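Notes for the one structure printed next.
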Amino acid sequence: MSRAALLVLADGRFPAGGHAHSGGAEAAVKAGRITGAASLEEFCRGRLHTSGLVSASLAAAAALGLDPVELDEAADARTPSAALRTAARRLGRQMMRAARATWPHPELDAVARLFPKGAHQPVVLGVAARAAGLGADDAAYCSLYESVSGAATATVRLLSLDPFDATGVLARLAPAMDLVARDAVDAARRAVEDGVDALPAGSAPLLEISAEAHAAWAVRLFAS
Amino acid sequence: MHLDHSPSHSHSHDGPSALSADAHRPDGSRRAIRIGLGGPVGSGKTATVAALCHALRDELSLAVVTNDIYTREDAEFLLREAVLPPERITAVETGACPHTAIRDDISANLEAVEDLEDEVGPLDLILVESGGDNLTATFSKGLVDAQIFVIDVAGGDDIPRKGGPGVTTADLLVVNKTDLAPYVGSDLARMAADAKAQRAELPVVFQSLRDDKGVAAVADWVRGQLAAWTAA
Amino acid sequence: MMTSAGVRATARIAATADGRGGTALPVLDGEGPLALRRTRAAGSEARVMLVGAMSGPLGGDHFTVEANAHEGARLHVGSAAATIALPGQAKGPARYDVRLTVADDAELHWLPEQLISACDSELQVRTRAELAAGARLVLREEQVLGRAGEAPGRLTSRLTVRRAGRSLLDQELACGPGAPGGWDGPAVLGGHRAVGQLVVVRPEFVHEMPRAALLGEFAALTPLAGPAVLVTAVAPDARHLRRVLDEAVRALG
């Protein structure tokens, strides 16, 4: 296992398309639900424990070698918003491209062949982690960090929020990320024994509703 | 010119699709040439793309990818102008950072060009228009085979002198809206001399889309690029 | 049965085609606080009302309701009043399990009244619907956080819909004191006190899927990854929530 490979995969500049997505922050900013660092933190905390936990457990399960097709189905069932499924597959396809170029691996090629238009991003992330020689906990951390850092970066751009405040938010969320990452990996290990239904299924109604609204906007800065 | 790819640029064809700058499609056929158009806000990129589509659509199979700052604005202009059928125009969303989408993380644009070739191909030419950005925004060589940088006389006649990666290294520099030069006090001769100093042998075109020749010189340059691409 | 750990009760409903174009109810077994009553049929459909004989579930209680719509049956299940989760004497959370199965060419409308999570209560709801490929389902769940002007209890509600052996929808809402952080924040409930889901599964959606649509600012209809749609809504109270979900039912026809 390589700690440096984890940094490569977790780097916000890893060219896998994340920069064009706000993790729901653009819709929440426009609705007046995110107005500054404090509400950004609550927003991110809610993401962490719902879609963040689900994504992290999918990524960890994929890193443990669970069947990507089953995991992709589980991701579909846990992503009721059609707009968010589209975004997740688009990002999965972009992650796949970046991962195959970075860590060529037959398992990545196989998943790319099965899902030419993209599997759910956390599933691809987990297989990419395997290809990079990383473990389930690394995959879970990558996925979790990305589920909040994207929203924080987007909020800096959308609200002209002080970037130091946004980074402070991420730092304050670190203990919660540690706990959620542990839960995600535990769930992934249970899924190895009991099947993918053992994976968490946390949902965030406002994220889902506003994702559909956002997808219908004529003018927006972010893809989701 | 970076039309001839060195072996180090080419990727294995075993996988489901090319990863980046590979000159071939997964089925082994040669893909369309991709030409990027970048430049500052308001310099006339979208108008140039529209004019190129008008000039070339009867002789070439072409498609356009736009990278808007706000989603779909440029794509919708092209759709309104009906320069191409709608299925040949794709908008990529850039998350408020148009230069990121054409340079640092080109994955969404690569998907857009590949999908266009799959869905409306075979294509000869794909124009990739960047969102209006600053003078440092250039296209990654992983995304385009050649790039055009569009500036205009109204943006200040000192832009060629100031240089920057777009002005200095683009395969073609277009100085647009020459018809406005008398009104904004821009010195075209000085711009030409400054551009020559910055770019040495790289070509520069001065154009006004309002005069008779319009986009003809740029269209000719595109034809030349395509001929070289096809011959390679 | 009353135990020191709380009340365990199971109610069972089975619906079959009666061979004359109607629906029979060969099994209609209530137990303790879970009483069942057949009400007037509407056309080919059998209607059953879940009648709470006492309030609950209380902490430590474990209620189970099973409804099976066999091939050709049309079953509609409602409830006479809202279910209120209350704190109890016994330790530990109350559990409420709902197990629904719908066979090919059968239809189930599962439309209970709201679930109200009263202050200091703790309830885990688990709803599982297992559908054959040709099954039809309309399922509504509404959660209300606290009675009027009251703080909510702790509520975890997981809803799983499987069709033809595959997971179609799997989601869990956790809210109230002690729930994971951010549950009342801008990503999850944002101060809303009522949240609901409406799931509609119809085989004909394979051919023509309803398009995603917004139903006001706080509700959306979205196609699932199968012949089904989900309406998710949040609202300030139960009345507003019901109005939105009723509109969605009408819009789907």
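Order determines the names: the first chain of the structure tokens is A, the second B, and so forth; residues in each chain are numbered 1 upward, and ligands are numbered 1 upward as they are shown.
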Residue hits in chain A, query chain C, radius 6 Å, only C-alpha atoms, as a PyMOL selection string:
chain A and resi 33+42-43+45-46+77-78+80-82+201-207+209
Chain A residues near chain B (8 Å cut-off, only C-alpha atoms) as a PyMOL selection string
chain A and resi 13-17+19-22+94+97-98+100-101+109+112-113+116+154+157+218-223
May I have the residues within 10 Å of Arg193 (chain C) as a ChimeraX atom specification, using only C-alpha atoms and disregarding those fewer than 2 positions away in the same chain?
/C:143-148,151-152,184,189-191,195,234-238,241
Contacts of Val128 (chain B) at 12 Å or less, counting only C-alpha atoms, minus same-chain residues fewer than 4 places along, as a VMD selection string?
chain B and resid 32 to 38 45 to 46 48 to 49 62 to 68 74 to 75 88 to 92 98 101 to 102 106 108 to 110 112 to 113 116 138 to 140 143 to 149
Based on DSSP run over this structure's backbone, return all residues of chain A in alpha helix (DSSP H), as a ChimeraX atom specification.
/A:3-10,25-30,37-47,53-63,68-77,82-102,106-114,121-131,136-159,163-172,174-194,205-216
Just want the 6 Å neighbourhood of region 43-48 of chain C, counted on only C-alpha atoms, with same-chain residues fewer than 4 positions away dropped. Output as a PyMOL selection string.
chain C and resi 21-23+37-39+74-77
Output of the above residues as a PDB file, in the first residue's frame, restricted to N, CA, C and O atoms:
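The new file again05.pdb reads:
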```
ATOM      1  N   GLY C  21     -63.653 -11.883 -10.938  1.00  0.00           N
ATOM      2  CA  GLY C  21     -63.260 -10.506 -11.238  1.00  0.00           C
ATOM      3  C   GLY C  21     -63.059  -9.653 -10.001  1.00  0.00           C
ATOM      4  O   GLY C  21     -62.797  -8.466 -10.095  1.00  0.00           O
ATOM      5  N   GLY C  22     -63.179 -10.267  -8.847  1.00  0.00           N
ATOM      6  CA  GLY C  22     -62.974  -9.514  -7.617  1.00  0.00           C
ATOM      7  C   GLY C  22     -61.772 -10.041  -6.859  1.00  0.00           C
ATOM      8  O   GLY C  22     -61.010 -10.874  -7.365  1.00  0.00           O
ATOM      9  N   THR C  23     -61.600  -9.556  -5.636  1.00  0.00           N
ATOM     10  CA  THR C  23     -60.452  -9.959  -4.823  1.00  0.00           C
ATOM     11  C   THR C  23     -60.943 -10.514  -3.498  1.00  0.00           C
ATOM     12  O   THR C  23     -61.770  -9.892  -2.822  1.00  0.00           O
ATOM     13  N   ARG C  37     -59.581  -4.489   9.450  1.00  0.00           N
ATOM     14  CA  ARG C  37     -60.996  -4.495   9.131  1.00  0.00           C
ATOM     15  C   ARG C  37     -61.153  -4.404   7.625  1.00  0.00           C
ATOM     16  O   ARG C  37     -60.524  -3.578   6.973  1.00  0.00           O
ATOM     17  N   ARG C  38     -61.992  -5.297   7.090  1.00  0.00           N
ATOM     18  CA  ARG C  38     -62.288  -5.187   5.661  1.00  0.00           C
ATOM     19  C   ARG C  38     -63.338  -4.100   5.484  1.00  0.00           C
ATOM     20  O   ARG C  38     -64.333  -4.065   6.196  1.00  0.00           O
ATOM     21  N   THR C  39     -63.108  -3.201   4.553  1.00  0.00           N
ATOM     22  CA  THR C  39     -64.100  -2.155   4.304  1.00  0.00           C
ATOM     23  C   THR C  39     -64.695  -2.386   2.927  1.00  0.00           C
ATOM     24  O   THR C  39     -64.322  -3.331   2.235  1.00  0.00           O
ATOM     25  N   ARG C  74     -56.275  -7.351  -6.320  1.00  0.00           N
ATOM     26  CA  ARG C  74     -56.168  -5.888  -6.202  1.00  0.00           C
ATOM     27  C   ARG C  74     -56.426  -5.546  -4.742  1.00  0.00           C
ATOM     28  O   ARG C  74     -57.546  -5.715  -4.268  1.00  0.00           O
ATOM     29  N   LEU C  75     -55.412  -5.090  -4.065  1.00  0.00           N
ATOM     30  CA  LEU C  75     -55.528  -4.847  -2.631  1.00  0.00           C
ATOM     31  C   LEU C  75     -55.182  -3.398  -2.305  1.00  0.00           C
ATOM     32  O   LEU C  75     -54.180  -2.859  -2.786  1.00  0.00           O
ATOM     33  N   HIS C  76     -56.038  -2.805  -1.487  1.00  0.00           N
ATOM     34  CA  HIS C  76     -55.812  -1.430  -1.028  1.00  0.00           C
ATOM     35  C   HIS C  76     -55.765  -1.466   0.494  1.00  0.00           C
ATOM     36  O   HIS C  76     -56.705  -1.922   1.129  1.00  0.00           O
ATOM     37  N   VAL C  77     -54.661  -1.015   1.065  1.00  0.00           N
ATOM     38  CA  VAL C  77     -54.548  -0.992   2.526  1.00  0.00           C
ATOM     39  C   VAL C  77     -54.357   0.443   2.989  1.00  0.00           C
ATOM     40  O   VAL C  77     -53.462   1.149   2.505  1.00  0.00           O
TER      41      VAL C  77
END
```
For Tyr96 (chain C): contacts at 9 Å, only C-alpha atoms, fewer than 6 positions along chain excluded, given as JSON, numbers by chain
{"C": [57, 61, 62, 63, 64, 65, 123, 124, 125, 126, 127]}
Name the residues of region 28-225 of chain B that fall into strand (DSSP E or B) according to DSSP on the backbone, using the chain letters and numbers of this document, as a ChimeraX atom specification.
/B:30,33-38,40,62-68,89-93,125-129,133,146-152,172-176,204-206
Atom-to-atom span, CA of Gln207 (chain B) and CA of Val153 (chain B), Å
10.0 Å
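Here CA of Ala184 (chain A) is placed at a distance of 18.0 Å from CA of Ser149 (chain A).
Within 8 Å of region 183-190 of chain B there are Val153, Ala154, Gly156, Asp157 and Thr178 of chain B, counting only C-alpha atoms and ignoring same-chain residues fewer than 5 positions away.
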Would you mind exporting the chosen residues as a short mmCIF file (atom, residue, chain, number, x, y, z; two decimals), in the first residue's frame, restricted to N, CA and C atoms?
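What follows is the written file result_38.cif:
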```cif
data_model
loop_
_atom_site.label_atom_id
_atom_site.label_comp_id
_atom_site.auth_asym_id
_atom_site.auth_seq_id
_atom_site.Cartn_x
_atom_site.Cartn_y
_atom_site.Cartn_z
N VAL B 153 -9.86 43.72 -31.90
CA VAL B 153 -9.17 45.02 -31.87
C VAL B 153 -9.72 45.89 -30.75
N ALA B 154 -10.99 45.65 -30.36
CA ALA B 154 -11.59 46.51 -29.35
C ALA B 154 -11.08 46.18 -27.95
N GLY B 156 -8.14 46.18 -27.08
CA GLY B 156 -6.89 46.90 -26.85
C GLY B 156 -5.83 46.43 -27.82
N ASP B 157 -5.18 47.38 -28.52
CA ASP B 157 -4.22 46.95 -29.55
C ASP B 157 -2.88 46.54 -28.95
N THR B 178 -11.86 43.72 -37.21
CA THR B 178 -10.98 44.77 -37.76
C THR B 178 -11.78 45.97 -38.24
#
```
For Ala217 (chain B), which of B:Asn176, B:Asn134, B:Gln198, B:Thr230 is the closest residue, counting only C-alpha atoms?
B:Asn176
